[in-house]
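Containing TSV, C-alpha atoms: data.tsv.
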```tsv
chain	number	residue	atom	x	y	z
A	1	MET	CA	101.12	-116.92	16.99
A	2	GLY	CA	100.62	-113.34	18.22
A	3	LEU	CA	103.28	-110.74	18.84
A	4	GLU	CA	105.21	-111.36	22.06
A	5	ILE	CA	105.40	-108.27	24.28
A	6	CYS	CA	107.87	-107.86	27.14
A	7	VAL	CA	105.83	-106.81	30.19
A	8	LEU	CA	107.79	-105.01	32.91
A	9	TYR	CA	105.00	-104.58	35.43
A	10	GLU	CA	101.25	-105.15	35.65
A	11	ASP	CA	98.50	-104.72	38.23
A	12	SER	CA	94.76	-104.03	38.14
A	13	ASP	CA	95.28	-100.40	37.04
A	14	ILE	CA	98.28	-100.23	34.71
A	15	ILE	CA	100.54	-102.29	32.48
A	16	LEU	CA	104.14	-101.31	31.64
A	17	CYS	CA	105.78	-102.91	28.63
A	18	ILE	CA	108.45	-102.60	25.98
A	19	LYS	CA	106.94	-101.51	22.68
A	20	PRO	CA	108.80	-103.17	19.77
A	21	SER	CA	109.64	-101.11	16.70
A	22	GLY	CA	107.33	-101.65	13.72
A	23	ILE	CA	104.01	-101.58	15.60
A	24	LEU	CA	101.68	-98.66	16.26
A	25	SER	CA	101.43	-97.50	19.87
A	26	GLN	CA	97.75	-96.60	19.62
A	27	LYS	CA	94.62	-97.95	17.94
A	28	ASP	CA	94.45	-98.54	14.22
A	29	ARG	CA	92.58	-100.84	11.86
A	30	GLY	CA	95.36	-103.38	12.03
A	31	GLU	CA	97.55	-104.68	14.82
A	32	SER	CA	98.63	-102.18	17.47
A	33	MET	CA	99.91	-102.21	21.02
A	34	VAL	CA	96.35	-101.60	22.19
A	35	SER	CA	94.95	-104.64	20.39
A	36	VAL	CA	97.85	-106.87	21.45
A	37	LEU	CA	97.64	-105.85	25.13
A	38	SER	CA	93.85	-106.03	25.14
A	39	SER	CA	94.02	-109.59	23.86
A	40	ARG	CA	96.67	-110.47	26.44
A	41	CYS	CA	94.81	-108.93	29.38
A	42	GLY	CA	91.30	-109.86	28.28
A	43	SER	CA	90.08	-106.33	28.97
A	44	GLU	CA	89.98	-102.84	27.51
A	45	ILE	CA	93.30	-100.99	27.29
A	46	TYR	CA	93.55	-97.19	27.42
A	47	PRO	CA	96.47	-95.56	25.56
A	48	LEU	CA	98.04	-92.57	27.32
A	49	HIS	CA	100.99	-91.43	25.21
A	50	ARG	CA	102.51	-92.17	21.82
A	51	LEU	CA	105.69	-93.52	20.32
A	52	ASP	CA	106.38	-93.40	16.60
A	53	LYS	CA	105.88	-96.72	14.86
A	54	GLU	CA	109.63	-97.05	14.25
A	55	VAL	CA	110.53	-96.31	17.90
A	56	SER	CA	110.72	-98.89	20.67
A	57	GLY	CA	110.96	-98.66	24.45
A	58	VAL	CA	109.02	-98.22	27.68
A	59	MET	CA	105.30	-97.39	27.53
A	60	VAL	CA	102.54	-97.33	30.14
A	61	TYR	CA	98.88	-98.15	29.44
A	62	ALA	CA	95.87	-97.87	31.75
A	63	LYS	CA	93.50	-100.78	32.36
A	64	ASN	CA	90.49	-98.75	33.53
A	65	LYS	CA	88.97	-95.29	33.03
A	66	LYS	CA	89.92	-93.97	36.47
A	67	ALA	CA	93.60	-94.83	36.02
A	68	ALA	CA	93.52	-93.42	32.48
A	69	ALA	CA	92.10	-90.11	33.68
A	70	PHE	CA	94.68	-89.79	36.45
A	71	LEU	CA	97.67	-90.57	34.23
A	72	SER	CA	96.36	-88.37	31.42
A	73	ARG	CA	96.40	-85.46	33.88
A	74	GLU	CA	99.94	-86.40	34.90
A	75	ILE	CA	100.96	-86.13	31.25
A	76	SER	CA	99.02	-82.96	30.40
A	77	GLU	CA	100.39	-81.22	33.49
A	78	ARG	CA	103.89	-82.47	32.62
A	79	ARG	CA	104.43	-84.45	35.80
A	80	MET	CA	105.26	-87.67	33.96
A	81	LYS	CA	109.00	-87.70	33.24
A	82	LYS	CA	109.94	-89.11	29.81
A	83	GLU	CA	113.56	-89.83	28.98
A	84	TYR	CA	114.96	-91.11	25.69
A	85	ILE	CA	118.24	-92.43	24.28
A	86	ALA	CA	119.19	-91.55	20.69
A	87	LEU	CA	122.14	-91.91	18.35
A	88	VAL	CA	122.69	-88.75	16.31
A	89	HIS	CA	125.06	-87.85	13.51
A	90	GLY	CA	127.69	-85.36	14.65
A	91	ARG	CA	128.10	-83.96	18.14
A	92	PRO	CA	126.31	-81.06	19.87
A	93	GLU	CA	128.57	-78.11	20.68
A	94	LYS	CA	127.72	-78.34	24.38
A	95	GLU	CA	127.82	-81.48	26.53
A	96	ARG	CA	124.46	-80.52	28.03
A	97	GLY	CA	121.90	-78.16	26.68
A	98	GLU	CA	118.33	-77.27	25.87
A	99	MET	CA	116.55	-77.09	22.52
A	100	CYS	CA	113.58	-74.74	22.22
A	101	ASP	CA	111.78	-74.42	18.89
A	102	LEU	CA	108.46	-73.72	17.23
A	103	LEU	CA	107.18	-76.76	15.34
A	104	PHE	CA	104.61	-76.99	12.58
A	105	LYS	CA	103.13	-80.36	11.64
A	106	ASP	CA	102.18	-80.90	8.01
A	107	SER	CA	99.52	-83.58	8.40
A	108	SER	CA	99.36	-84.27	4.66
A	109	LYS	CA	103.03	-85.32	4.72
A	110	ASN	CA	103.05	-86.60	8.32
A	111	LYS	CA	106.14	-84.52	8.89
A	112	SER	CA	107.08	-81.69	11.26
A	113	TYR	CA	109.17	-78.60	10.58
A	114	VAL	CA	110.96	-75.99	12.69
A	115	VAL	CA	109.52	-72.56	11.88
A	116	LYS	CA	110.46	-69.04	12.97
A	117	ARG	CA	107.16	-67.53	14.11
A	118	MET	CA	104.00	-68.54	15.90
A	119	ARG	CA	100.93	-69.02	13.71
A	120	LYS	CA	97.99	-71.37	13.41
A	121	GLY	CA	99.10	-74.98	13.85
A	122	VAL	CA	102.47	-74.07	15.38
A	123	LYS	CA	103.38	-75.33	18.86
A	124	ASP	CA	106.34	-74.77	21.14
A	125	ALA	CA	108.76	-77.67	21.63
A	126	ARG	CA	111.34	-78.05	24.39
A	127	LEU	CA	113.79	-80.74	25.42
A	128	GLU	CA	117.00	-81.12	27.39
A	129	TYR	CA	119.88	-83.32	26.29
A	130	GLU	CA	123.16	-84.71	27.61
A	131	VAL	CA	125.91	-86.18	25.43
A	132	LEU	CA	126.91	-89.58	26.84
A	133	ASN	CA	129.69	-90.42	24.37
A	134	THR	CA	130.83	-89.92	20.78
A	135	GLN	CA	132.27	-92.44	18.32
A	136	GLY	CA	134.33	-91.34	15.33
A	137	GLU	CA	135.43	-87.88	14.30
A	138	ALA	CA	134.38	-84.98	12.08
A	139	ASP	CA	131.81	-85.95	9.43
A	140	ASN	CA	131.72	-89.57	10.60
A	141	ALA	CA	131.00	-88.86	14.27
A	142	VAL	CA	127.98	-90.42	15.96
A	143	SER	CA	126.90	-89.33	19.44
A	144	LYS	CA	124.82	-91.14	22.01
A	145	VAL	CA	122.56	-88.65	23.81
A	146	ARG	CA	120.10	-88.86	26.66
A	147	ILE	CA	117.04	-86.67	26.21
A	148	LEU	CA	114.49	-85.36	28.70
A	149	LEU	CA	111.32	-84.42	26.85
A	150	HIS	CA	109.31	-81.48	28.19
A	151	THR	CA	106.73	-81.35	25.39
A	152	GLY	CA	105.36	-84.18	23.28
A	153	ARG	CA	105.14	-82.91	19.71
A	154	THR	CA	104.98	-85.10	16.62
A	155	HIS	CA	108.49	-86.32	15.71
A	156	GLN	CA	109.84	-83.71	18.12
A	157	ILE	CA	113.22	-85.24	18.96
A	158	ARG	CA	113.80	-86.22	15.35
A	159	VAL	CA	113.08	-82.81	13.84
A	160	GLN	CA	114.80	-80.74	16.55
A	161	PHE	CA	118.10	-82.58	16.11
A	162	SER	CA	117.76	-82.74	12.33
A	163	SER	CA	117.19	-78.97	12.13
A	164	ARG	CA	120.64	-78.58	13.72
A	165	GLN	CA	122.29	-80.85	11.13
A	166	MET	CA	122.34	-83.81	13.53
A	167	PRO	CA	119.73	-86.25	12.18
A	168	LEU	CA	119.16	-89.43	14.13
A	169	VAL	CA	120.92	-92.52	12.82
A	170	GLY	CA	118.52	-94.43	10.59
A	171	ASP	CA	116.08	-91.52	10.23
A	172	ARG	CA	115.89	-91.07	6.48
A	173	ARG	CA	112.65	-89.09	6.79
A	174	TYR	CA	114.62	-86.32	8.50
A	175	GLY	CA	117.84	-86.34	6.54
A	176	ALA	CA	119.98	-89.32	7.62
A	177	ARG	CA	121.99	-90.85	4.79
A	178	ASP	CA	123.39	-93.87	6.60
A	179	GLY	CA	122.70	-97.54	6.06
A	180	ALA	CA	121.13	-98.28	9.44
A	181	GLU	CA	118.03	-100.45	9.20
A	182	VAL	CA	116.42	-99.14	12.40
A	183	LEU	CA	115.64	-95.68	13.72
A	184	CYS	CA	118.03	-95.15	16.63
A	185	LEU	CA	115.63	-93.65	19.15
A	186	TRP	CA	114.37	-95.44	22.25
A	187	SER	CA	112.01	-94.59	25.10
A	188	HIS	CA	114.55	-95.10	27.87
A	189	ARG	CA	112.82	-94.30	31.15
A	190	LEU	CA	109.38	-93.33	32.47
A	191	THR	CA	108.76	-91.87	35.93
A	192	PHE	CA	105.22	-91.24	37.16
A	193	THR	CA	102.84	-91.48	40.12
A	194	HIS	CA	100.82	-94.67	40.44
A	195	PRO	CA	97.11	-93.79	40.03
A	196	LYS	CA	96.01	-95.79	43.10
A	197	THR	CA	98.96	-96.06	45.51
A	198	LYS	CA	100.29	-92.56	44.64
A	199	LYS	CA	103.83	-93.94	44.87
A	200	THR	CA	106.51	-92.76	42.45
A	201	MET	CA	107.40	-95.47	39.94
A	202	THR	CA	110.33	-95.57	37.54
A	203	PHE	CA	110.75	-98.10	34.74
A	204	SER	CA	113.75	-98.21	32.42
A	205	PHE	CA	114.90	-99.88	29.22
A	206	GLU	CA	118.52	-99.90	28.07
A	207	PRO	CA	119.07	-100.41	24.34
A	208	ASN	CA	122.28	-101.87	22.99
A	209	THR	CA	123.56	-98.92	21.00
A	210	ASP	CA	126.51	-100.71	19.43
A	211	LEU	CA	126.56	-99.47	15.84
A	212	GLY	CA	127.66	-102.88	14.67
A	213	SER	CA	124.49	-104.65	15.71
A	214	LEU	CA	121.90	-102.13	16.96
A	215	ALA	CA	120.20	-105.07	18.64
A	216	GLU	CA	117.87	-104.15	21.49
A	217	LYS	CA	117.83	-105.78	24.88
A	218	GLU	CA	115.80	-105.26	28.02
A	219	ARG	CA	117.32	-104.70	31.43
A	220	GLU	CA	115.73	-105.04	34.79
A	221	ASN	CA	113.22	-102.30	35.52
A	222	VAL	CA	113.42	-100.37	38.75
A	223	TYR	CA	110.48	-99.01	40.70
A	224	GLU	CA	109.80	-97.82	44.21
```

For this file, produce the structure as structure tokens.
Amino acid sequence: MGLEICVLYEDSDIILCIKPSGILSQKDRGESMVSVLSSRCGSEIYPLHRLDKEVSGVMVYAKNKKAAAFLSREISERRMKKEYIALVHGRPEKERGEMCDLLFKDSSKNKSYVVKRMRKGVKDARLEYEVLNTQGEADNAVSKVRILLHTGRTHQIRVQFSSRQMPLVGDRRYGARDGAEVLCLWSHRLTFTHPKTKKTMTFSFEPNTDLGSLAEKERENVYE
């Protein structure tokens, strides 16, 4: 039996769904969201943005070339709003803030690094964050943060927080030393313009961030 995908919304142009952790968001030789959705819809599926394999949450895919071109422009011109929820070790000094860095991706290691100067292969990275709550104190503190992503660099959220000694819970690649079995990062909300109707649409996913279970659940999506 194939992988079951939670679909939030679907029409002739787009399909919105919850990507589970453990599956690639784009095409690969094996199973991916593209192959699963293509099989479900019986048609070609066009990927528009990425989520790391370990990350789950809201994603939008196009079902035809015209919709794909429109939404790709929305993304490249930064009109699609992408919000995330993460659990991080420690607590940022400010309740709200912005992180601006230069990131270099080492493709041989599939890992990104914060660097100090612009050079070949380096790209700017920017996000905003808001601390929602903090559990524990001092070295054992874990904070739940909401993140608005302004650029979409490889592992951007993970490396920007890790570079400030606040690795994401469960992110051993970027310095976490906890026992969590999942990477605590979720695509929380997408807001974009529908390629045909031109209406603004918002779809959201609320993870259960209880450290005791870290079980994910879907809540009702909202669109207008």

Contacts of stretch 67-74 of chain A at 7 Å or less, counting all atoms listed in the file, minus same-chain residues fewer than 5 places along, as an mmCIF file with C-alpha atoms, in the frame of the given file?
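Contents of the output file selection33.cif:
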```cif
data_model
loop_
_atom_site.group_PDB
_atom_site.id
_atom_site.type_symbol
_atom_site.label_atom_id
_atom_site.label_comp_id
_atom_site.auth_asym_id
_atom_site.auth_seq_id
_atom_site.Cartn_x
_atom_site.Cartn_y
_atom_site.Cartn_z
ATOM 1 C CA ASP A 13 95.280 -100.400 37.040
ATOM 2 C CA TYR A 46 93.550 -97.190 27.420
ATOM 3 C CA LEU A 48 98.040 -92.570 27.320
ATOM 4 C CA ALA A 62 95.870 -97.870 31.750
ATOM 5 C CA ARG A 79 104.430 -84.450 35.800
ATOM 6 C CA MET A 80 105.260 -87.670 33.960
ATOM 7 C CA PRO A 195 97.110 -93.790 40.030
#
```

| query | atom CA of A:Cys184 and atom CA of A:Arg78 are how many Å apart? | reply |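 Separating atom CA of A:Cys184 from atom CA of A:Arg78 is a distance of 24.8 Å.
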
| Å distance separating atom CA of A:Lys94 from atom CA of A:Asp124, one decimal place |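 Taking atom CA of A:Lys94 as the start and atom CA of A:Asp124 as the end point, the length is 21.9 Å.
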
| note | A:Arg146 proximity check over A:Gln160, A:Asn110, A:Ser187, A:Ser56, using all atoms listed in the file: winner is A:Ser187

Give me, as a tab-separated table, each residue of stretch 59-99 of chain A that comes within 9 Å of stretch 27-44 of chain A, together with its shortest interatomic pair and the distance in Å at one decimal, counting all atoms listed in the file, with rows ordered by chain and rising residue number.
```
residue	atom	partner	partner_atom	distance
A:Tyr61	CA	A:Val34	CA	8.4
A:Ala62	CA	A:Glu44	CA	8.8
A:Lys63	CA	A:Glu44	CA	6.3
A:Asn64	CA	A:Glu44	CA	7.3
```

| field | Nearby residues (only C-alpha atoms) at most 8 Å from stretch 149-158 of chain A, same-chain spacing under 4 positions excluded, as a PyMOL selection string | value | chain A and resi 52+78+81-84+103+105+111-112+123-128+162+167-168+171+174

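Across the model, the gap from atom CA of A:Met201 to atom CA of A:Ile23 is 25.3 Å.
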